[in-house]
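*Asks:* Contents of final20.txt (compact mmCIF, C-alpha atoms) are given next:
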# COMPACT_ATOMS: atom_id res chain seq x y z
CA MET A 1071 0.00 0.00 0.00
CA SER A 1072 1.37 3.42 -0.97
CA MET A 1073 1.57 6.35 1.46
CA GLN A 1074 -1.12 8.14 -0.54
CA GLU A 1075 -3.49 5.15 -0.25
CA ALA A 1076 -2.83 4.94 3.49
CA ASN A 1077 -3.61 8.63 3.89
CA TRP A 1078 -6.89 8.25 1.99
CA GLN A 1079 -7.89 5.46 4.37
CA GLN A 1080 -7.40 7.84 7.27
CA VAL A 1081 -10.11 10.16 6.00
CA GLU A 1082 -12.63 7.54 4.91
CA SER A 1083 -15.67 7.01 7.11
CA ALA A 1084 -18.35 4.33 7.28
CA SER A 1085 -20.60 6.59 5.19
CA SER A 1086 -17.98 7.36 2.55
CA LYS A 1087 -17.10 3.66 2.24
CA LYS A 1088 -20.75 2.86 1.56
CA MET A 1089 -20.92 5.69 -0.97
CA LYS A 1090 -17.77 4.41 -2.65
CA ALA A 1091 -19.29 0.92 -2.84
CA TRP A 1092 -22.40 2.41 -4.47
CA LEU A 1093 -20.29 4.25 -7.06
CA GLU A 1094 -18.39 1.03 -7.77
CA SER A 1095 -21.69 -0.80 -8.24
CA LEU A 1096 -22.60 1.75 -10.92
CA THR A 1097 -19.32 1.00 -12.66
CA GLU A 1098 -20.15 -2.71 -12.55
CA LYS A 1099 -23.47 -1.95 -14.27
CA THR A 1100 -21.64 -0.04 -16.98
CA CYS A 1101 -19.27 -2.94 -17.58
CA ALA A 1102 -21.94 -5.65 -17.46
CA GLU A 1103 -22.77 -7.36 -20.72
CA ASN A 1104 -25.80 -5.74 -22.31
CA GLU A 1105 -28.46 -8.30 -23.16
CA LYS A 1106 -29.63 -6.43 -26.24
CA GLY A 1107 -26.10 -6.05 -27.56
CA ASP A 1108 -27.21 -3.43 -30.09
CA PHE A 1109 -25.72 -0.30 -28.53
CA PRO A 1110 -22.92 1.62 -30.19
CA LYS A 1111 -19.23 1.13 -29.57
CA THR A 1112 -17.98 4.37 -28.09
CA LEU A 1113 -14.42 5.60 -27.85
CA PHE A 1114 -13.74 8.41 -25.38
CA ILE A 1115 -10.56 10.44 -25.84
CA LEU A 1116 -9.84 12.63 -22.83
CA ASP A 1117 -7.79 15.73 -22.21
CA ASN A 1118 -5.77 16.15 -18.98
CA ASP A 1119 -8.55 18.03 -17.19
CA TYR A 1120 -10.14 16.06 -14.33
CA GLY A 1121 -13.44 17.83 -14.98
CA GLU A 1122 -13.70 16.20 -18.40
CA LEU A 1123 -13.31 12.75 -16.84
CA THR A 1124 -16.08 13.64 -14.41
CA THR A 1125 -18.37 14.63 -17.29
CA ILE A 1126 -17.80 11.34 -19.09
CA LEU A 1127 -18.39 9.31 -15.95
CA TYR A 1128 -21.62 11.20 -15.35
CA LEU A 1129 -22.64 10.00 -18.80
CA ILE A 1130 -21.72 6.32 -18.52
CA GLN A 1131 -21.97 5.28 -14.86
CA GLY A 1132 -24.74 2.78 -14.30
CA GLN A 1133 -25.50 2.69 -18.04
CA SER A 1134 -25.07 -0.77 -19.54
CA CYS A 1135 -25.48 0.71 -23.02
CA PHE A 1136 -21.82 1.76 -22.66
CA SER A 1137 -20.58 -1.75 -21.86
CA ASN A 1138 -18.82 -1.80 -25.21
CA SER A 1139 -16.86 1.39 -24.65
CA LYS A 1140 -13.25 2.39 -24.17
CA LEU A 1141 -11.70 5.32 -22.31
CA VAL A 1142 -8.36 6.64 -23.55
CA LEU A 1143 -6.85 8.95 -20.93
CA SER A 1144 -3.97 11.38 -21.00
CA PRO A 1145 -1.08 10.47 -18.64
CA ARG A 1146 -2.08 12.97 -15.93
CA VAL A 1147 -5.61 11.58 -15.63
CA PHE A 1148 -4.58 7.96 -16.25
CA GLN A 1149 -2.14 8.00 -13.34
CA LYS A 1150 -4.86 7.93 -10.67
CA ASN A 1151 -7.80 6.61 -12.71
CA ARG A 1152 -6.51 3.61 -14.64
CA ASN A 1153 -9.13 1.41 -12.97
CA VAL A 1154 -12.07 3.79 -13.31
CA LEU A 1155 -13.63 1.44 -15.89
CA PRO A 1156 -11.97 -1.97 -15.44
CA GLU A 1157 -10.34 -3.45 -18.55
CA ARG A 1158 -11.66 -0.57 -20.65
CA VAL A 1159 -9.06 2.12 -19.95
CA ALA A 1160 -5.87 2.90 -21.87
CA MET A 1161 -3.39 5.77 -21.94
CA TRP A 1162 -2.55 7.94 -24.92
CA GLU A 1163 0.38 10.27 -25.50
CA THR A 1164 0.71 10.74 -29.27
CA GLU A 1165 -1.32 11.15 -32.42
CA GLU A 1166 -0.21 7.67 -33.43
CA ASP A 1167 -1.68 6.26 -30.21
CA LEU A 1168 -5.07 7.74 -31.07
CA GLU A 1169 -4.87 6.54 -34.67
CA ASN A 1170 -4.22 3.01 -33.42
CA HIS A 1171 -7.17 3.13 -31.03
CA LEU A 1172 -9.49 4.39 -33.76
CA THR A 1173 -8.45 1.82 -36.36
CA SER A 1174 -8.35 -1.17 -33.98
CA PHE A 1175 -11.48 -0.37 -31.95
CA GLN A 1176 -13.58 0.90 -34.90
CA PRO A 1177 -16.04 2.87 -32.75
CA ASP A 1178 -19.50 3.95 -33.84
CA VAL A 1179 -19.12 7.14 -31.79
CA LEU A 1180 -16.01 9.14 -30.89
CA VAL A 1181 -16.30 11.51 -27.91
CA LEU A 1182 -13.60 14.14 -27.42
CA ALA A 1183 -13.54 15.49 -23.89
CA ALA A 1184 -12.84 18.14 -24.63
CA GLY A 1185 -11.61 18.63 -28.16
CA TYR A 1186 -11.07 22.36 -27.59
CA LEU A 1187 -8.73 21.78 -24.65
CA ILE A 1188 -6.42 19.19 -26.22
CA PRO A 1189 -4.44 21.73 -28.31
CA VAL A 1190 -4.69 24.43 -25.64
CA HIS A 1191 -3.01 22.06 -23.18
CA ASN A 1192 -0.36 21.15 -25.75
CA LEU A 1193 -1.33 17.48 -25.90
CA LEU A 1194 -1.72 17.59 -29.69
CA THR A 1195 -1.46 20.29 -32.32
CA ASN A 1196 -4.68 21.41 -33.93
CA GLU A 1197 -3.45 19.92 -37.18
CA ALA A 1198 -2.99 16.52 -35.52
CA LEU A 1199 -6.38 16.62 -33.79
CA GLU A 1200 -8.08 17.58 -37.03
CA ARG A 1201 -6.47 14.55 -38.69
CA ILE A 1202 -7.88 12.34 -35.91
CA CYS A 1203 -11.34 13.80 -36.52
CA ARG A 1204 -10.98 13.25 -40.26
CA LEU A 1205 -9.89 9.65 -39.71
CA ALA A 1206 -12.96 9.08 -37.54
CA THR A 1207 -15.37 10.54 -40.08
CA ASP A 1208 -13.68 8.53 -42.86
CA GLN A 1209 -14.55 5.44 -40.80
CA ASN A 1210 -18.19 6.63 -40.60
CA THR A 1211 -17.75 7.31 -36.90
CA THR A 1212 -20.03 9.94 -35.36
CA VAL A 1213 -17.91 12.61 -33.63
CA ILE A 1214 -19.04 14.66 -30.64
CA THR A 1215 -17.00 16.98 -28.43
CA ALA A 1216 -17.47 18.27 -24.92
CA ASP A 1217 -17.36 22.06 -24.75
CA PRO A 1218 -16.20 23.91 -21.61
CA PHE A 1219 -16.94 27.22 -23.38
CA LEU A 1220 -20.68 26.48 -23.57
CA GLY A 1221 -21.18 27.33 -27.23
CA LEU A 1222 -19.62 30.80 -27.11
CA LEU A 1223 -16.81 29.91 -29.50
CA SER A 1224 -19.10 30.25 -32.50
CA GLU A 1225 -19.63 33.92 -31.63
CA TRP A 1226 -15.92 34.61 -31.55
CA SER A 1227 -15.46 34.43 -35.31
CA SER A 1228 -17.67 37.50 -35.73
CA LYS A 1229 -16.75 39.45 -32.60
CA GLY A 1230 -13.08 38.52 -32.39
CA LEU A 1231 -11.69 36.35 -29.61
CA ASP A 1232 -9.92 39.23 -27.90
CA ASN A 1233 -13.31 40.84 -27.23
CA ILE A 1234 -14.69 37.77 -25.47
CA ILE A 1235 -11.89 35.92 -23.66
CA SER A 1236 -8.94 37.38 -21.82
CA ILE A 1237 -7.02 36.07 -18.82
CA ASP A 1238 -8.22 37.92 -15.73
CA ILE A 1239 -5.38 39.74 -13.95
CA PRO A 1240 -5.35 42.58 -11.39
CA THR A 1241 -5.96 46.09 -12.75
CA ASP A 1242 -2.70 47.25 -11.16
CA ALA A 1243 -0.62 44.39 -12.62
CA ASP A 1244 3.02 45.17 -13.43
CA GLU A 1245 4.44 45.10 -16.96
CA ASN A 1246 5.81 41.57 -16.56
CA LEU A 1247 2.38 40.16 -15.70
CA GLU A 1248 0.79 42.21 -18.49
CA MET A 1249 3.24 40.69 -20.96
CA MET A 1250 2.52 37.16 -19.69
CA LYS A 1251 -1.20 37.87 -20.07
CA ARG A 1252 -0.77 39.02 -23.67
CA ARG A 1253 1.16 35.87 -24.53
CA ALA A 1254 -1.39 33.62 -22.82
CA ASP A 1255 -4.29 35.41 -24.52
CA LEU A 1256 -2.61 35.03 -27.91
CA LYS A 1257 -2.10 31.31 -27.29
CA LEU A 1258 -5.76 30.88 -26.32
CA HIS A 1259 -7.10 32.93 -29.21
CA THR A 1260 -4.92 31.18 -31.78
CA GLU A 1261 -5.54 27.62 -30.63
CA LEU A 1262 -9.25 28.02 -29.96
CA ALA A 1263 -9.91 29.75 -33.27
CA ARG A 1264 -8.17 26.91 -35.11
CA ALA A 1265 -10.01 24.27 -33.09
CA ASN A 1266 -13.37 25.92 -33.65
CA ALA A 1267 -12.80 25.88 -37.42
CA TYR A 1268 -13.26 22.09 -37.55
CA LEU A 1269 -14.97 21.22 -34.24
CA LYS A 1270 -17.91 23.58 -34.83
CA ASP A 1271 -19.42 21.11 -37.30
CA PHE A 1272 -19.71 18.33 -34.71
CA HIS A 1273 -22.31 17.86 -31.99
CA HIS A 1274 -21.39 19.46 -28.65
CA LEU A 1275 -21.96 17.51 -25.42
CA TYR A 1276 -23.08 19.10 -22.15
CA PRO A 1277 -23.76 17.40 -18.79
CA THR A 1278 -26.92 19.43 -18.13
CA TYR A 1279 -30.00 20.49 -20.06
CA THR A 1280 -29.10 23.45 -22.27
CA ASP A 1281 -31.95 25.78 -21.41
CA MET A 1282 -32.04 28.61 -23.98
CA GLU A 1283 -34.74 30.67 -22.28
CA GLY A 1284 -33.45 34.14 -21.49
CA VAL A 1285 -30.00 33.67 -23.07
CA ASP A 1286 -28.66 34.82 -26.42
CA VAL A 1287 -29.07 32.06 -29.00
CA PHE A 1288 -26.34 31.32 -31.56
CA ARG A 1289 -26.53 29.30 -34.75
CA SER A 1290 -24.18 26.69 -33.22
CA ASP A 1291 -26.74 25.94 -30.47
CA GLU A 1292 -28.41 23.62 -32.96
CA LYS A 1293 -25.48 21.29 -32.20
CA ASN A 1294 -26.16 21.21 -28.44
CA ARG A 1295 -26.63 17.72 -27.01
CA SER A 1296 -27.20 17.11 -23.32
CA PHE A 1297 -28.18 14.28 -20.99
CA PHE A 1298 -29.37 13.44 -17.50
CA ASN A 1299 -28.34 10.19 -15.84
CA ASP A 1300 -30.95 9.09 -13.29
CA GLN A 1301 -28.58 6.40 -12.03
CA LEU A 1302 -26.62 9.15 -10.26
CA VAL A 1303 -29.45 10.00 -7.88
CA ILE A 1304 -28.20 8.79 -4.50
CA PRO A 1305 -30.39 6.07 -2.89
CA ASP A 1306 -32.33 7.21 0.17
CA GLU A 1307 -30.47 4.83 2.46
CA LEU A 1308 -27.20 6.60 1.67
CA GLN A 1309 -28.55 10.11 2.14
CA THR A 1310 -28.45 10.02 5.95
CA PRO A 1311 -24.92 10.18 7.41
CA ASN A 1312 -23.76 7.59 9.92
CA SER A 1313 -24.19 9.18 13.36
CA ALA A 1314 -20.90 7.62 14.48
CA ASP A 1315 -18.93 9.42 11.75
CA LYS A 1316 -17.21 12.68 12.54
CA PRO A 1317 -18.60 15.26 10.06
CA HIS A 1318 -16.14 16.22 7.36
CA TRP A 1319 -15.76 19.16 5.01
CA VAL A 1320 -14.06 19.10 1.62
CA PHE A 1321 -12.30 22.10 0.08
CA ILE A 1322 -11.29 21.77 -3.57
CA ILE A 1323 -9.33 24.09 -5.85
CA SER A 1324 -7.68 23.52 -9.24
CA GLU A 1325 -4.19 24.68 -10.17
CA VAL A 1326 -5.50 27.41 -12.47
CA ASP A 1327 -7.86 28.74 -9.78
CA PHE A 1328 -4.96 28.76 -7.30
CA GLN A 1329 -3.00 30.80 -9.84
CA THR A 1330 -5.97 33.14 -10.29
CA GLN A 1331 -6.36 33.74 -6.56
CA SER A 1332 -2.59 34.21 -6.19
CA MET A 1333 -2.47 36.81 -8.98
CA HIS A 1334 -5.24 38.88 -7.43
CA LEU A 1335 -4.42 38.51 -3.75
CA GLY A 1336 -0.77 37.51 -3.70
CA VAL A 1337 0.36 34.05 -2.62
CA PRO A 1338 0.95 34.93 1.07
CA LYS A 1339 -2.50 36.48 1.51
CA PHE A 1340 -4.30 33.62 -0.22
CA ILE A 1341 -2.38 31.05 1.82
CA THR A 1342 -3.43 32.90 4.97
CA ILE A 1343 -7.08 32.81 3.83
CA VAL A 1344 -6.94 29.08 3.09
CA LEU A 1345 -5.28 28.24 6.40
CA GLU A 1346 -7.84 30.33 8.26
CA LEU A 1347 -10.73 28.52 6.55
CA LEU A 1348 -9.23 25.09 7.26
CA THR A 1349 -8.38 25.73 10.89
CA GLN A 1350 -11.75 27.38 11.57
CA GLY A 1351 -13.43 24.21 10.34
CA ALA A 1352 -11.20 22.00 12.43
CA LYS A 1353 -11.94 24.10 15.52
CA LEU A 1354 -15.63 23.42 14.91
CA ASP A 1355 -14.79 19.73 15.43
CA ARG A 1356 -14.90 18.88 11.72
CA LYS A 1357 -12.51 16.68 9.78
CA ILE A 1358 -11.08 18.85 7.03
CA ILE A 1359 -10.06 17.43 3.64
CA PHE A 1360 -8.31 19.78 1.23
CA LEU A 1361 -7.75 18.86 -2.44
CA GLY A 1362 -5.46 21.03 -4.53
CA PRO A 1363 -2.41 21.23 -6.79
CA SER A 1364 0.90 19.92 -5.49
CA SER A 1365 2.43 23.41 -5.47
CA LEU A 1366 -0.24 24.63 -3.05
CA ILE A 1367 -0.14 21.46 -0.94
CA GLU A 1368 3.62 21.87 -0.46
CA ILE A 1369 3.20 25.46 0.75
CA LEU A 1370 0.45 24.46 3.20
CA HIS A 1371 2.55 21.60 4.56
CA ALA A 1372 5.58 23.85 4.95
CA SER A 1373 3.63 26.40 6.96
CA GLU A 1374 3.01 23.82 9.71
CA ALA A 1375 -0.13 25.80 10.58
CA THR A 1376 -2.29 22.69 10.14
CA ALA A 1377 -0.24 20.63 12.61
CA GLY A 1378 -2.26 19.40 15.54
CA TYR A 1379 -5.56 19.78 13.68
CA ASP A 1380 -7.69 17.15 11.98
CA ILE A 1381 -6.72 18.55 8.56
CA HIS A 1382 -5.70 16.37 5.62
CA LEU A 1383 -4.08 17.71 2.44
CA PHE A 1384 -4.19 15.85 -0.88
CA ASN A 1385 -3.03 16.41 -4.45
CA PHE A 1386 -6.38 15.17 -5.79
CA GLY A 1387 -7.04 11.42 -6.19
CA ALA A 1388 -8.97 8.68 -7.95
CA TYR A 1389 -12.51 9.59 -9.01
CA GLU A 1390 -14.41 7.14 -6.80
CA ILE A 1391 -12.45 8.12 -3.66
CA VAL A 1392 -12.83 11.86 -4.14
CA MET A 1393 -16.48 11.58 -5.14
CA SER A 1394 -17.37 9.36 -2.18
CA LEU A 1395 -15.93 11.98 0.17
CA LEU A 1396 -17.68 14.86 -1.60
CA LEU A 1397 -21.04 13.07 -1.56
CA THR A 1398 -20.83 12.41 2.18
CA ALA A 1399 -19.35 15.77 3.20
CA GLU A 1400 -21.38 17.98 5.48
CA TYR A 1401 -20.26 20.86 3.23
CA SER A 1402 -18.07 21.17 0.14
CA PHE A 1403 -16.26 24.41 -0.68
CA TYR A 1404 -15.25 25.53 -4.18
CA TRP A 1405 -13.33 28.38 -5.80
CA ASN A 1406 -14.99 27.67 -9.17
CA VAL A 1407 -18.69 27.92 -10.04
CA VAL A 1408 -18.25 25.47 -12.96
CA SER A 1409 -16.30 22.76 -11.15
CA HIS A 1410 -17.89 19.61 -12.58
CA THR A 1411 -18.05 17.72 -9.28
CA ILE A 1412 -20.64 20.30 -8.20
CA LEU A 1413 -23.26 18.91 -10.59
CA ILE A 1414 -23.87 15.56 -8.91
CA GLN A 1415 -24.27 17.43 -5.63
CA LEU A 1416 -26.88 19.73 -7.14
CA TRP A 1417 -28.71 16.68 -8.53
CA ASN A 1418 -28.95 15.41 -4.96
CA GLY A 1419 -29.76 18.67 -3.15
CA ARG A 1420 -26.42 18.73 -1.37
CA PRO A 1421 -25.01 22.03 -0.04
CA VAL A 1422 -22.17 23.53 -2.06
CA ILE A 1423 -20.37 26.62 -0.78
CA LEU A 1424 -19.01 28.84 -3.57
CA LEU A 1425 -16.06 31.03 -2.60
CA ASP A 1426 -15.38 32.51 -6.07
CA LYS A 1427 -16.69 32.40 -9.63
CA GLY A 1428 -13.39 30.88 -10.78
CA HIS A 1429 -10.95 31.39 -13.63
CA LEU A 1430 -13.29 30.57 -16.52
CA ALA A 1431 -16.11 32.92 -15.52
CA ARG A 1432 -13.55 35.61 -14.66
CA SER A 1433 -11.83 35.34 -18.05
CA ILE A 1434 -15.04 35.02 -20.08
CA PRO A 1435 -17.65 37.22 -18.35
CA SER A 1436 -20.29 36.41 -20.99
CA LEU A 1437 -19.98 32.72 -20.08
CA TYR A 1438 -21.55 33.26 -16.66
CA GLU A 1439 -25.04 33.74 -18.11
CA ARG A 1440 -24.93 30.26 -19.63
CA VAL A 1441 -23.34 28.74 -16.52
CA ILE A 1442 -26.34 29.86 -14.47
CA ALA A 1443 -28.87 28.94 -17.20
CA TRP A 1444 -27.45 25.46 -17.83
CA TYR A 1445 -25.47 24.21 -14.85
CA TYR A 1446 -27.79 25.80 -12.28
CA GLN A 1447 -30.95 25.83 -14.45
CA GLY A 1448 -31.57 29.51 -13.81
CA TRP A 1449 -30.84 29.56 -10.06
CA GLU A 1450 -27.88 31.71 -9.03
CA PRO A 1451 -26.55 30.41 -5.71
CA ARG A 1452 -25.29 32.75 -3.04
CA TYR A 1453 -21.52 33.10 -2.60
CA PHE A 1454 -19.64 32.95 0.69
CA ASP A 1455 -17.00 35.61 1.27
CA GLN A 1456 -13.77 33.69 1.90
CA ASN A 1457 -12.63 36.45 4.27
CA ASP A 1458 -15.66 36.03 6.55
CA PRO A 1459 -15.55 33.87 9.68
CA ILE A 1460 -17.25 30.49 9.36
CA SER A 1461 -20.02 29.42 11.71
CA LEU A 1462 -22.29 26.39 11.67
CA GLU A 1463 -25.30 28.71 11.86
CA LYS A 1464 -24.24 30.63 8.75
CA LEU A 1465 -23.53 27.46 6.78
CA ALA A 1466 -26.91 26.04 7.76
CA GLU A 1467 -28.52 28.86 5.77
CA TYR A 1468 -26.78 27.60 2.62
CA ARG A 1469 -27.91 24.05 3.33
CA GLU A 1470 -31.52 25.21 3.61
CA GLU A 1471 -31.29 27.16 0.33
CA HIS A 1472 -29.95 24.12 -1.55
CA ALA A 1473 -32.60 21.84 -0.04
CA LYS A 1474 -35.36 24.22 -1.16
CA GLN A 1475 -34.04 24.23 -4.73
CA LYS A 1476 -33.67 20.45 -5.10
CA ALA A 1477 -37.13 19.60 -6.49
CA VAL A 1478 -37.17 22.56 -8.89
CA LEU A 1479 -33.66 21.83 -10.13
CA MET A 1480 -34.32 18.11 -10.60
CA LYS A 1481 -37.41 18.79 -12.67
CA ALA A 1482 -35.34 21.11 -14.85
CA TYR A 1483 -32.37 18.75 -15.20
CA ARG A 1484 -34.65 15.88 -16.21
CA ARG A 1485 -35.68 17.71 -19.36
CA ALA A 1486 -32.51 16.31 -20.93
CA PRO A 1487 -32.66 12.81 -22.48
CA SER A 1488 -31.15 9.76 -20.87
CA PRO A 1489 -27.62 8.80 -22.01
CA GLU A 1490 -29.08 5.82 -23.88
CA ASN A 1491 -31.63 7.89 -25.79
CA LEU A 1492 -29.06 10.59 -26.53
CA PHE A 1493 -26.65 8.15 -28.15
CA LYS A 1494 -29.39 6.41 -30.07
CA SER A 1495 -30.32 9.77 -31.58
CA LEU A 1496 -26.68 10.45 -32.43
CA ILE A 1497 -26.41 7.19 -34.33
CA GLU A 1498 -29.68 7.86 -36.13
CA GLY A 1499 -28.31 11.25 -37.18
CA LYS A 1500 -30.83 13.37 -35.34
As structure tokens - that is how I would like this structure written.

*Replies:*
Amino acid sequence: MSMQEANWQQVESASSKKMKAWLESLTEKTCAENEKGDFPKTLFILDNDYGELTTILYLIQGQSCFSNSKLVLSPRVFQKNRNVLPERVAMWETEEDLENHLTSFQPDVLVLAAGYLIPVHNLLTNEALERICRLATDQNTTVITADPFLGLLSEWSSKGLDNIISIDIPTDADENLEMMKRRADLKLHTELARANAYLKDFHHLYPTYTDMEGVDVFRSDEKNRSFFNDQLVIPDELQTPNSADKPHWVFIISEVDFQTQSMHLGVPKFITIVLELLTQGAKLDRKIIFLGPSSLIEILHASEATAGYDIHLFNFGAYEIVMSLLLTAEYSFYWNVVSHTILIQLWNGRPVILLDKGHLARSIPSLYERVIAWYYQGWEPRYFDQNDPISLEKLAEYREEHAKQKAVLMKAYRRAPSPENLFKSLIEGK
């Protein structure tokens, strides 16, 4: 057993172990032989973003129609998730790897998650990814891509990317940071414009119903495809926490959101804020689990401020472990309104505490309208000021708000088709 595995065992509870077993049972359903045997072979090619893996698992967990599927993960995601779909997971590093998977597996459907991010993250050039798409279509494979930009890319060709997306930095940034921003913006604009040129013709996949009421509609929205997986509604017997378990909180932040907070506040100030949040929770007799990038974890460890508290720091982890802890947490705290692990909590009326809109909504202000319309189905949750003191009474208000929204949200989410019906329609060309 590795040190990391031993540390995870320290934070597991009776409730989280039961939740993990439930999640694993959904995976078993996915892998079980489908009696009908007439569902499409699907190849999933994933970027190195954990959120994209979460989206795909939302789609396939508990769905036997994906028993004949294969996940091809980038090295970063593969490292901790090689067993996320037993005997159906492989790693890719090169264009040749993807060509081999396409030609040997001969899928009916190819899902890129997300095609737009693969060149942005320097995993493939746009030219190479376009060749992969062309190879798929030459094989009569239906291609669909996830889209973290929620359909806004189609508007960029007319408005110009620089008018829609720009890395958010402080208004008083020095010349060095301004220069870094210009370079990063140019990289984004160049790669995304090239990607949009060929990806715009494919269907775009979203993990929630794409409600167009009250939002600007673009021609590309005809390509929107969404789903709702009823298998991810937590059984009633798992909804009530084990009274013997010490309540735990989970804080989660990505590397890019850590960078965003550090740019605006400075690293020392943000570290002080994080440590204050964690220790406040521990002083309220809560077990604190913090998930973040290794650079941030190292700083927090070095500070020694968490010593003597029931605080546990992790550089992320395997999907089923992290999700089991999130789904049994008394509260989960996020620095990103579009963190994909939030969705399954909204589907189950669980309280999510938002500390910031996050890097994507900051850099693309026009995206926020669609985030609220689609991910939150028109409900804009209240934010918690990360500088404010935490109290159980204050957090209880957020819990009550989420509980009140559950029925309304679920009715809205269920407007999307099931994963099975969605993929049947894709094959039929609808």

*Asks:* Which neighbours of Trp1092 (chain A) fall inside 10 Å, counting only C-alpha atoms, when residues of the same chain fewer than 4 positions from it are skipped, and could you give them as a list in words?

*Replies:*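 Near Trp1092 (chain A), the qualifying residues are Ser1086, Lys1087, Lys1088, Leu1096, Thr1097, Glu1098, Leu1302, Ile1304, Pro1305, Leu1308, Glu1390 and Ser1394 of chain A.
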
*Asks:* Give me, as a PyMOL selection string, all polymer residues having an atom no more than 9 Å from Ile1343 (chain A), counting all atoms listed in the file and skipping those fewer than 4 positions away in the same chain.

*Replies:* chain A and resi 1338-1339+1347-1348+1456-1457

*Asks:* Calculated over all atoms listed in the file, which of the candidates A:Phe1288, A:Leu1143, A:Leu1180, A:Leu1416 has the smallest distance to Asp1167 (chain A)?

*Replies:*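 Using all atoms listed in the file, Asp1167 (chain A) sits closest to A:Leu1143.
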
*Asks:* For Ser1402 (chain A), work out the shell of residues within 9 Å, counting all atoms listed in the file and skipping chain neighbours fewer than 3 positions away, then give it as an NGL selection string.

*Replies:* :A and (1318-1322 or 1396-1397 or 1399 or 1412 or 1420-1424)

*Asks:* Could those selected residues go to a file with C-alpha atoms, as a PDB file, in the coordinates of the input?

*Replies:*
ATOM      1  CA  HIS A1318     -16.140  16.220   7.360  1.00  0.00           C
ATOM      2  CA  TRP A1319     -15.760  19.160   5.010  1.00  0.00           C
ATOM      3  CA  VAL A1320     -14.060  19.100   1.620  1.00  0.00           C
ATOM      4  CA  PHE A1321     -12.300  22.100   0.080  1.00  0.00           C
ATOM      5  CA  ILE A1322     -11.290  21.770  -3.570  1.00  0.00           C
ATOM      6  CA  LEU A1396     -17.680  14.860  -1.600  1.00  0.00           C
ATOM      7  CA  LEU A1397     -21.040  13.070  -1.560  1.00  0.00           C
ATOM      8  CA  ALA A1399     -19.350  15.770   3.200  1.00  0.00           C
ATOM      9  CA  ILE A1412     -20.640  20.300  -8.200  1.00  0.00           C
ATOM     10  CA  ARG A1420     -26.420  18.730  -1.370  1.00  0.00           C
ATOM     11  CA  PRO A1421     -25.010  22.030  -0.040  1.00  0.00           C
ATOM     12  CA  VAL A1422     -22.170  23.530  -2.060  1.00  0.00           C
ATOM     13  CA  ILE A1423     -20.370  26.620  -0.780  1.00  0.00           C
ATOM     14  CA  LEU A1424     -19.010  28.840  -3.570  1.00  0.00           C
TER      15      LEU A1424
END

*Asks:* Taking all atoms listed in the file into account, name the residue in A:Pro1311, A:Gly1428, A:Pro1277, A:Pro1487 that is nearest to Thr1398 (chain A).

*Replies:*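 Counting all atoms listed in the file, the residue closest to Thr1398 (chain A) is A:Pro1311.
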
*Asks:* Kindly indicate which residue among A:Glu1368, A:Glu1450, A:Glu1325, A:Glu1463 lies nearest to Tyr1120 (chain A), using all atoms listed in the file for the distances.

*Replies:*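 For Tyr1120 (chain A), the nearest of the candidates is A:Glu1325.
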